[in-house]
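Shown here: model-v8.txt, compact mmCIF, C-alpha atoms.
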```txt
# COMPACT_ATOMS: atom_id res chain seq x y z
CA MET A 1 -7.06 21.90 -18.71
CA ALA A 2 -6.29 19.12 -16.24
CA ALA A 3 -5.18 15.77 -17.67
CA GLY A 4 -8.07 13.49 -18.44
CA GLU A 5 -10.75 16.16 -18.48
CA PRO A 6 -13.04 16.31 -21.51
CA GLY A 7 -12.10 18.62 -24.33
CA ASP A 8 -10.26 17.73 -27.52
CA LEU A 9 -10.43 13.95 -27.28
CA GLY A 10 -7.92 13.31 -30.03
CA GLY A 11 -10.49 11.97 -32.49
CA TYR A 12 -10.46 8.36 -31.31
CA TYR A 13 -13.49 6.27 -32.25
CA PHE A 14 -14.08 2.83 -30.79
CA ARG A 15 -16.04 -0.29 -31.73
CA TYR A 16 -17.00 -3.22 -29.53
CA LEU A 17 -15.54 -6.60 -30.58
CA PRO A 18 -17.81 -9.24 -28.98
CA GLN A 19 -16.39 -11.92 -31.30
CA ARG A 20 -12.97 -11.58 -29.63
CA THR A 21 -13.29 -14.04 -26.76
CA PHE A 22 -10.71 -14.76 -24.09
CA GLN A 23 -10.15 -18.51 -23.89
CA SER A 24 -7.92 -18.03 -20.85
CA LEU A 25 -10.96 -17.10 -18.74
CA SER A 26 -13.37 -19.68 -20.15
CA ASN A 27 -11.32 -22.89 -20.19
CA PRO A 28 -12.68 -25.40 -17.63
CA GLU A 29 -9.47 -25.65 -15.60
CA VAL A 30 -9.22 -21.89 -15.12
CA THR A 31 -12.97 -21.59 -14.44
CA SER A 32 -12.63 -24.16 -11.67
CA ARG A 33 -9.68 -22.27 -10.14
CA LEU A 34 -11.47 -18.91 -10.34
CA ARG A 35 -14.42 -20.49 -8.52
CA GLN A 36 -12.06 -21.69 -5.76
CA TRP A 37 -10.47 -18.22 -5.55
CA SER A 38 -13.90 -16.50 -5.29
CA MET A 39 -13.35 -14.58 -8.55
CA LEU A 40 -15.67 -16.47 -10.90
CA GLY A 41 -18.47 -14.28 -12.25
CA ARG A 42 -16.62 -11.17 -11.06
CA ILE A 43 -13.73 -11.12 -13.55
CA GLN A 44 -14.18 -10.35 -17.23
CA ALA A 45 -12.18 -9.43 -20.33
CA GLN A 46 -13.61 -7.43 -23.24
CA ALA A 47 -12.12 -6.22 -26.51
CA PHE A 48 -12.65 -2.97 -28.40
CA GLY A 49 -11.13 -1.69 -31.63
CA PHE A 50 -10.06 1.89 -32.34
CA ASP A 51 -9.33 3.88 -35.48
CA GLN A 52 -6.24 6.08 -34.91
CA ASN A 53 -2.57 5.55 -34.26
CA PHE A 54 -1.98 5.14 -30.55
CA GLN A 55 0.90 6.86 -28.79
CA ALA A 56 1.53 5.94 -25.15
CA HIS A 57 1.94 9.60 -24.16
CA GLN A 58 -1.66 10.25 -25.32
CA ARG A 59 -3.09 7.72 -22.89
CA ASP A 60 -5.24 10.24 -20.95
CA ASP A 61 -6.92 11.48 -24.15
CA PHE A 62 -7.32 7.89 -25.34
CA VAL A 63 -8.96 6.68 -22.11
CA MET A 64 -11.21 9.75 -21.85
CA ALA A 65 -12.34 9.25 -25.47
CA PHE A 66 -13.02 5.60 -24.64
CA PHE A 67 -15.40 6.44 -21.80
CA LYS A 68 -17.21 9.05 -23.95
CA ASP A 69 -17.61 6.80 -26.99
CA PRO A 70 -21.19 5.79 -27.98
CA ASN A 71 -19.98 2.26 -28.84
CA VAL A 72 -18.31 1.85 -25.45
CA ILE A 73 -21.03 3.26 -23.15
CA PRO A 74 -23.65 0.51 -23.82
CA ASN A 75 -21.10 -2.32 -23.94
CA LEU A 76 -18.47 -1.78 -21.24
CA LYS A 77 -19.38 -4.07 -18.34
CA LEU A 78 -18.93 -3.50 -14.60
CA LEU A 79 -20.49 -4.98 -11.47
CA SER A 80 -23.13 -3.03 -9.57
CA ASP A 81 -22.24 -2.35 -5.93
CA SER A 82 -25.66 -3.32 -4.63
CA ALA A 83 -26.85 -6.47 -6.39
CA GLY A 84 -23.56 -7.70 -7.86
CA GLN A 85 -25.15 -7.76 -11.34
CA TRP A 86 -23.27 -6.95 -14.55
CA ILE A 87 -24.35 -3.49 -15.70
CA THR A 88 -23.09 -0.70 -17.96
CA LEU A 89 -21.74 2.61 -16.71
CA GLY A 90 -24.89 4.75 -16.75
CA THR A 91 -23.13 7.93 -15.64
CA GLU A 92 -21.07 10.62 -17.36
CA VAL A 93 -17.33 10.32 -16.81
CA LYS A 94 -15.81 13.70 -15.89
CA LYS A 95 -12.24 12.70 -15.09
CA ILE A 96 -9.98 9.70 -15.54
CA GLU A 97 -6.76 8.39 -14.11
CA ALA A 98 -4.60 6.09 -16.25
CA ILE A 99 -1.45 4.82 -14.55
CA ASN A 100 1.23 3.31 -16.77
CA VAL A 101 1.93 -0.35 -15.88
CA PRO A 102 5.30 -1.62 -17.20
CA CYS A 103 4.95 -4.72 -19.36
CA THR A 104 8.36 -6.13 -20.30
CA GLN A 105 8.47 -9.69 -18.93
CA LEU A 106 8.58 -12.51 -21.47
CA SER A 107 9.19 -15.50 -19.22
CA MET A 108 7.68 -17.11 -16.15
CA SER A 109 11.25 -17.62 -14.88
CA PHE A 110 10.58 -14.20 -13.31
CA PHE A 111 9.03 -16.19 -10.43
CA ASN A 112 11.89 -18.71 -9.98
CA ARG A 113 13.13 -16.72 -6.98
CA LEU A 114 10.12 -18.02 -5.03
CA TYR A 115 11.87 -21.40 -5.04
CA SER A 116 15.41 -20.18 -4.41
CA GLU A 117 14.22 -18.02 -1.48
CA ASP A 118 12.26 -20.86 0.20
CA ILE A 119 8.85 -19.27 -0.29
CA VAL A 120 7.94 -22.43 -2.19
CA ARG A 121 9.51 -25.87 -1.72
CA ASP A 122 11.11 -27.64 -4.69
CA CYS A 123 8.08 -29.95 -4.85
CA GLY A 124 5.88 -26.88 -5.45
CA HIS A 125 4.27 -26.67 -2.01
CA ILE A 126 3.94 -23.16 -0.60
CA VAL A 127 5.64 -22.82 2.82
CA LYS A 128 3.13 -22.14 5.62
CA CYS A 129 3.57 -19.53 8.38
CA PHE A 130 1.72 -18.44 11.52
CA ASP A 131 -1.55 -16.69 10.71
CA SER A 132 -1.56 -12.91 10.67
CA PHE A 133 -3.71 -10.23 9.03
CA CYS A 134 -2.83 -7.60 6.47
CA ASP A 135 -6.29 -6.10 6.25
CA PRO A 136 -8.44 -7.53 4.69
CA PHE A 137 -6.22 -10.49 3.80
CA LEU A 138 -5.40 -13.47 5.99
CA ILE A 139 -1.72 -14.36 5.68
CA SER A 140 -1.12 -18.02 6.38
CA ASP A 141 1.81 -18.73 4.08
CA GLU A 142 5.11 -17.23 2.91
CA LEU A 143 3.72 -16.44 -0.54
CA ARG A 144 1.10 -13.99 0.69
CA LYS A 145 3.64 -12.62 3.13
CA VAL A 146 6.07 -11.79 0.30
CA LEU A 147 3.21 -10.25 -1.70
CA LEU A 148 1.78 -8.06 1.06
CA VAL A 149 3.97 -7.54 4.15
CA GLU A 150 6.45 -4.78 3.36
CA ASP A 151 8.56 -5.24 6.49
CA SER A 152 8.81 -9.04 6.08
CA GLU A 153 12.22 -10.61 5.71
CA LYS A 154 11.83 -11.72 2.07
CA TYR A 155 9.79 -8.79 0.73
CA GLU A 156 12.75 -7.30 -1.16
CA ILE A 157 13.28 -10.39 -3.34
CA PHE A 158 10.94 -8.51 -5.69
CA SER A 159 12.12 -4.93 -6.22
CA GLN A 160 9.69 -2.05 -6.62
CA PRO A 161 10.08 -2.12 -10.46
CA ASP A 162 9.45 -5.91 -10.36
CA ARG A 163 6.23 -5.34 -8.41
CA GLU A 164 4.98 -2.78 -10.93
CA GLU A 165 5.26 -5.23 -13.84
CA PHE A 166 1.93 -6.32 -15.33
CA LEU A 167 2.97 -9.99 -14.99
CA PHE A 168 3.53 -9.51 -11.24
CA CYS A 169 0.24 -7.58 -10.85
CA LEU A 170 -1.74 -10.39 -12.52
CA PHE A 171 -0.03 -13.03 -10.38
CA LYS A 172 -0.67 -11.08 -7.17
CA HIS A 173 -4.35 -10.49 -8.02
CA LEU A 174 -4.88 -14.21 -8.66
CA CYS A 175 -3.05 -15.20 -5.46
CA LEU A 176 -5.15 -12.84 -3.31
CA GLY A 177 -8.48 -13.69 -4.98
CA GLY A 178 -11.96 -12.65 -3.87
CA ALA A 179 -13.82 -12.37 -0.57
CA LEU A 180 -14.16 -16.13 0.10
CA CYS A 181 -10.90 -17.21 -1.54
CA GLN A 182 -9.76 -20.78 -0.81
CA TYR A 183 -6.00 -20.50 -1.18
CA GLU A 184 -3.87 -23.06 -3.01
CA ASP A 185 -1.33 -25.24 -1.19
CA VAL A 186 0.88 -25.42 -4.29
CA LEU A 187 2.21 -22.68 -6.56
CA ASN A 188 1.50 -24.16 -9.98
CA PRO A 189 -2.20 -23.21 -10.39
CA TYR A 190 -1.28 -19.53 -9.78
CA LEU A 191 1.61 -19.65 -12.27
CA GLU A 192 -0.36 -21.51 -14.96
CA THR A 193 -3.37 -19.19 -14.72
CA THR A 194 -1.15 -16.08 -14.75
CA LYS A 195 0.64 -17.39 -17.84
CA VAL A 196 -2.46 -18.19 -19.93
CA LEU A 197 -4.13 -14.89 -19.00
CA TYR A 198 -0.98 -12.85 -19.75
CA LYS A 199 -0.54 -14.57 -23.14
CA ASP A 200 -4.19 -13.96 -23.99
CA LEU A 201 -4.09 -10.26 -23.13
CA VAL A 202 -0.60 -9.12 -24.20
CA SER A 203 0.63 -8.88 -27.80
CA VAL A 204 4.13 -9.69 -28.99
CA ARG A 205 6.05 -9.60 -32.28
CA LYS A 206 9.34 -11.01 -33.51
CA ILE A 207 11.95 -8.47 -34.62
CA PRO A 208 13.18 -9.84 -37.99
CA GLN A 209 16.78 -8.62 -37.66
CA THR A 210 17.43 -10.10 -34.23
CA LYS A 211 14.70 -12.81 -34.08
CA LYS A 212 13.99 -11.54 -30.56
CA ILE A 213 10.44 -11.40 -29.21
CA GLN A 214 9.22 -7.94 -28.21
CA ILE A 215 6.06 -6.95 -26.34
CA THR A 216 4.06 -4.42 -28.33
CA SER A 217 1.25 -3.79 -25.82
CA SER A 218 0.95 -0.78 -23.52
CA VAL A 219 -0.84 -1.37 -20.21
CA PHE A 220 -2.68 1.15 -17.99
CA LYS A 221 -4.52 0.74 -14.73
CA VAL A 222 -7.65 2.84 -15.16
CA THR A 223 -10.00 4.64 -12.78
CA ALA A 224 -12.87 6.91 -13.84
CA TYR A 225 -14.81 9.56 -11.89
CA ASP A 226 -18.20 11.16 -12.40
CA SER A 227 -19.53 14.32 -10.70
CA VAL A 228 -19.99 12.40 -7.42
CA GLY A 229 -16.67 10.56 -7.23
CA MET A 230 -15.18 7.26 -8.39
CA CYS A 231 -17.55 5.37 -10.70
CA TYR A 232 -15.29 2.80 -12.42
CA PRO A 233 -14.15 0.08 -11.87
CA SER A 234 -16.43 0.55 -8.82
CA THR A 235 -17.54 3.27 -6.42
CA LYS A 236 -15.57 1.45 -3.68
CA SER A 237 -11.79 1.31 -3.74
CA HIS A 238 -10.12 -2.06 -3.04
CA GLU A 239 -6.73 -3.54 -3.89
CA GLN A 240 -8.53 -6.41 -5.67
CA THR A 241 -10.95 -4.20 -7.64
CA PHE A 242 -9.22 -3.17 -10.86
CA SER A 243 -9.45 -2.45 -14.56
CA TYR A 244 -6.42 -2.77 -16.82
CA PHE A 245 -6.46 -1.48 -20.40
CA ILE A 246 -4.04 -3.47 -22.57
CA VAL A 247 -3.53 -1.58 -25.84
CA ASN A 248 -2.22 -3.26 -28.99
CA PRO A 249 -1.14 -0.30 -31.17
CA ILE A 250 -0.49 -2.47 -34.24
CA ARG A 251 -3.89 -4.20 -34.47
CA ARG A 252 -5.55 -1.17 -32.83
CA HIS A 253 -7.28 -3.25 -30.19
CA VAL A 254 -7.72 -2.53 -26.50
CA HIS A 255 -8.37 -5.39 -24.10
CA VAL A 256 -10.10 -4.46 -20.84
CA LEU A 257 -9.44 -6.80 -17.90
CA TYR A 258 -11.89 -6.10 -15.07
CA HIS A 259 -12.41 -7.56 -11.60
CA CYS A 260 -14.55 -6.37 -8.69
CA TYR A 261 -13.75 -7.76 -5.23
CA GLY A 262 -16.56 -9.68 -3.60
CA VAL A 263 -18.03 -13.17 -3.26
CA GLY A 264 -17.62 -15.12 -6.49
CA GLU A 265 -19.92 -17.80 -7.91
CA MET A 266 -19.94 -20.94 -5.78
CA THR A 267 -21.63 -23.47 -8.07
```

As structure tokens, what does this structure read like?
Amino acid sequence: MAAGEPGDLGGYYFRYLPQRTFQSLSNPEVTSRLRQWSMLGRIQAQAFGFDQNFQAHQRDDFVMAFFKDPNVIPNLKLLSDSAGQWITLGTEVKKIEAINVPCTQLSMSFFNRLYSEDIVRDCGHIVKCFDSFCDPFLISDELRKVLLVEDSEKYEIFSQPDREEFLFCLFKHLCLGGALCQYEDVLNPYLETTKVLYKDLVSVRKIPQTKKIQITSSVFKVTAYDSVGMCYPSTKSHEQTFSYFIVNPIRRHVHVLYHCYGVGEMT
């Protein structure tokens, strides 16, 4: 049987946790930034609990069981392609893809190289460049160039493993924004929003012997397909349309971070 096809779903049962709210997405400062970046009303985090031990190698079974679960189906939110309304899935998932996203970074110093490589000035202002397009994104500064343009001079300051890190993915998604994104002139709003969102989604623990902090979450980027084709996070593929499942195996919670590219709320 192909990975992620229904069969023995490993006995996972899920429950929706509406009381678990994500302050990082509702605080006024972040809300105002998301509005500017054309993501407000199109990004959402939800929490679900589950009842079995989670092993990272079982992720396909886990994700398939999630989409089949009677407590998930009426509660998992996504945006409709047509009206841009929040809806539930309303179709039977036949196949899933769950790509492992490394999650090891514990410090925002990961982004210090943006200063040392003159992407951002010491005062925090992002260095501008001549306009170019990397479809569908307008590139008018060195930050978006380093995020998107593979043959640009500074692209390799972040290695491929760096770029796969969940912290980098979050940062990049926020920098690129939605369809009518008004980009920032300074770096700090991107860093601050990335930090609060990351801390809200990812779980850590202190190892008693060493006193070191360790990330306990596993992260997957998830796509689901019905009999017609891709149905989640959307029927249309886009770099800025995504769903990440952040699994806390100790508390047995899964956080779902969802965004669908489009025109965010203006007012």

Inset, instruction - Write out as a list of chain:residue names the residues lying within 6 Å of Glu165 in chain A, counting all atoms listed in the file and excluding same-chain residues fewer than 3 positions away. - result: A:Pro102, A:Cys103, A:Asp162, A:Phe168

Could the residues in this selection be saved with C-alpha atoms as an mmCIF file, in the coordinates of the input?
```
data_model
loop_
_atom_site.group_PDB
_atom_site.id
_atom_site.type_symbol
_atom_site.label_atom_id
_atom_site.label_comp_id
_atom_site.auth_asym_id
_atom_site.auth_seq_id
_atom_site.Cartn_x
_atom_site.Cartn_y
_atom_site.Cartn_z
ATOM 1 C CA PRO A 102 5.300 -1.620 -17.200
ATOM 2 C CA CYS A 103 4.950 -4.720 -19.360
ATOM 3 C CA ASP A 162 9.450 -5.910 -10.360
ATOM 4 C CA PHE A 168 3.530 -9.510 -11.240
#
```

Inset, instruction - Measure the distance from CA of Asn27 in chain A to CA of Val263 in chain A in Å and round it to one decimal. - result: 20.6 Å

Inset, instruction - Compile the contact shell of Ser24 in chain A as a list in words: residues with an atom at most 8 Å away, counting only C-alpha atoms, same-chain residues fewer than 3 positions apart removed. - result: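 Once the adjacent positions are removed, what remains is Asn27, Val30, Thr193, Val196, Leu197 and Asp200 of chain A.
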
Given the selection you just returned, output its residues as a file containing C-alpha atoms, formatted as a PDB file, in the frame of the given file.
```pdb
ATOM      1  CA  ASN A  27     -11.320 -22.890 -20.190  1.00  0.00           C
ATOM      2  CA  VAL A  30      -9.220 -21.890 -15.120  1.00  0.00           C
ATOM      3  CA  THR A 193      -3.370 -19.190 -14.720  1.00  0.00           C
ATOM      4  CA  VAL A 196      -2.460 -18.190 -19.930  1.00  0.00           C
ATOM      5  CA  LEU A 197      -4.130 -14.890 -19.000  1.00  0.00           C
ATOM      6  CA  ASP A 200      -4.190 -13.960 -23.990  1.00  0.00           C
TER       7      ASP A 200
END
```

Legend entry - Nearest candidate to Glu142 in chain A (options A:Cys181, A:Leu34, A:Val186, A:Ala45; using all atoms listed in the file): A:Val186

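Each of A:Ser234, A:Gln182, A:Gln55, A:Ser159 was compared to Gly84 in chain A using all atoms listed in the file, and A:Ser234 turns out to be the nearest.
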
Legend entry - Contacts of Met39 in chain A at 12 Å (all atoms listed in the file; same-chain gap of 6+ positions) as a PyMOL selection string: chain A and resi 25+30-33+173-183+240-241+258-266

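Between CA of Lys195 in chain A and CA of Ser107 in chain A the interatomic distance comes to 8.9 Å.
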
Inset, instruction - Excluding Ile157 in chain A and residues on its chain fewer than 3 positions from it, collect all residues at most 12 Å away from it, counting all atoms listed in the file, and give them as a list in words. - result: Phe110, Phe111, Asn112, Arg113, Leu114, Tyr115, Ser116, Glu117, Asp118, Ile119, Leu143, Lys145, Val146, Leu147, Glu150, Ser152, Glu153, Lys154, Gln160, Pro161, Asp162 and Arg163 of chain A

Inset, instruction - Choose the residue, out of A:Leu138, A:Val101, A:Leu201, A:Ile73, that has the smallest atom-to-atom separation from Ala56 in chain A; count all atoms listed in the file. - result: A:Val101

Given the point (-19.1, -7.7, -19.2) in the file's coordinates, find the residues that have an atom at most 9 Å from it, counting all atoms listed in the file, and give them as a compact mmCIF listing (two decimals) with C-alpha atoms, in the frame of the given file.
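Contents of point17.txt, freshly written:
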```
# COMPACT_ATOMS: atom_id res chain seq x y z
CA ILE A 43 -13.73 -11.12 -13.55
CA GLN A 44 -14.18 -10.35 -17.23
CA ALA A 45 -12.18 -9.43 -20.33
CA GLN A 46 -13.61 -7.43 -23.24
CA ASN A 75 -21.10 -2.32 -23.94
CA LEU A 76 -18.47 -1.78 -21.24
CA LYS A 77 -19.38 -4.07 -18.34
CA LEU A 78 -18.93 -3.50 -14.60
CA LEU A 79 -20.49 -4.98 -11.47
CA TRP A 86 -23.27 -6.95 -14.55
CA ILE A 87 -24.35 -3.49 -15.70
CA THR A 88 -23.09 -0.70 -17.96
CA TYR A 258 -11.89 -6.10 -15.07
```

Neighbour list for Phe171 in chain A as a compact mmCIF listing (two decimals) with C-alpha atoms, keeping the file's coordinate frame, cut-off 7 Å, all atoms listed in the file, skip fewer than 4 positions in-chain:
```txt
# COMPACT_ATOMS: atom_id res chain seq x y z
CA LEU A 167 2.97 -9.99 -14.99
CA CYS A 175 -3.05 -15.20 -5.46
CA TYR A 190 -1.28 -19.53 -9.78
CA THR A 194 -1.15 -16.08 -14.75
```

Legend entry - Selected residue, from A:Gly11, A:Gly41, A:Gly90, A:Gly49, that lies nearest to Phe62 in chain A when counting all atoms listed in the file: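 The closest residue to Phe62 in chain A is A:Gly11.
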
Legend entry - Straight-line distance linking CA of Val63 in chain A with CA of Val222 in chain A, stated in Å to one decimal: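 Between CA of Val63 in chain A and CA of Val222 in chain A the gap is 8.0 Å.
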
Legend entry - Within 6 Å of file point (-11.6, 2.3, -12.0), counting only C-alpha atoms, expressed as a VMD selection string: chain A and resid 222 to 224 232 to 233 243

Inset, instruction - Considering all atoms listed in the file, state which residue in the set A:Met230, A:Leu191, A:Met108, A:Leu17 is at the smallest distance from Leu89 in chain A. - result: A:Met230
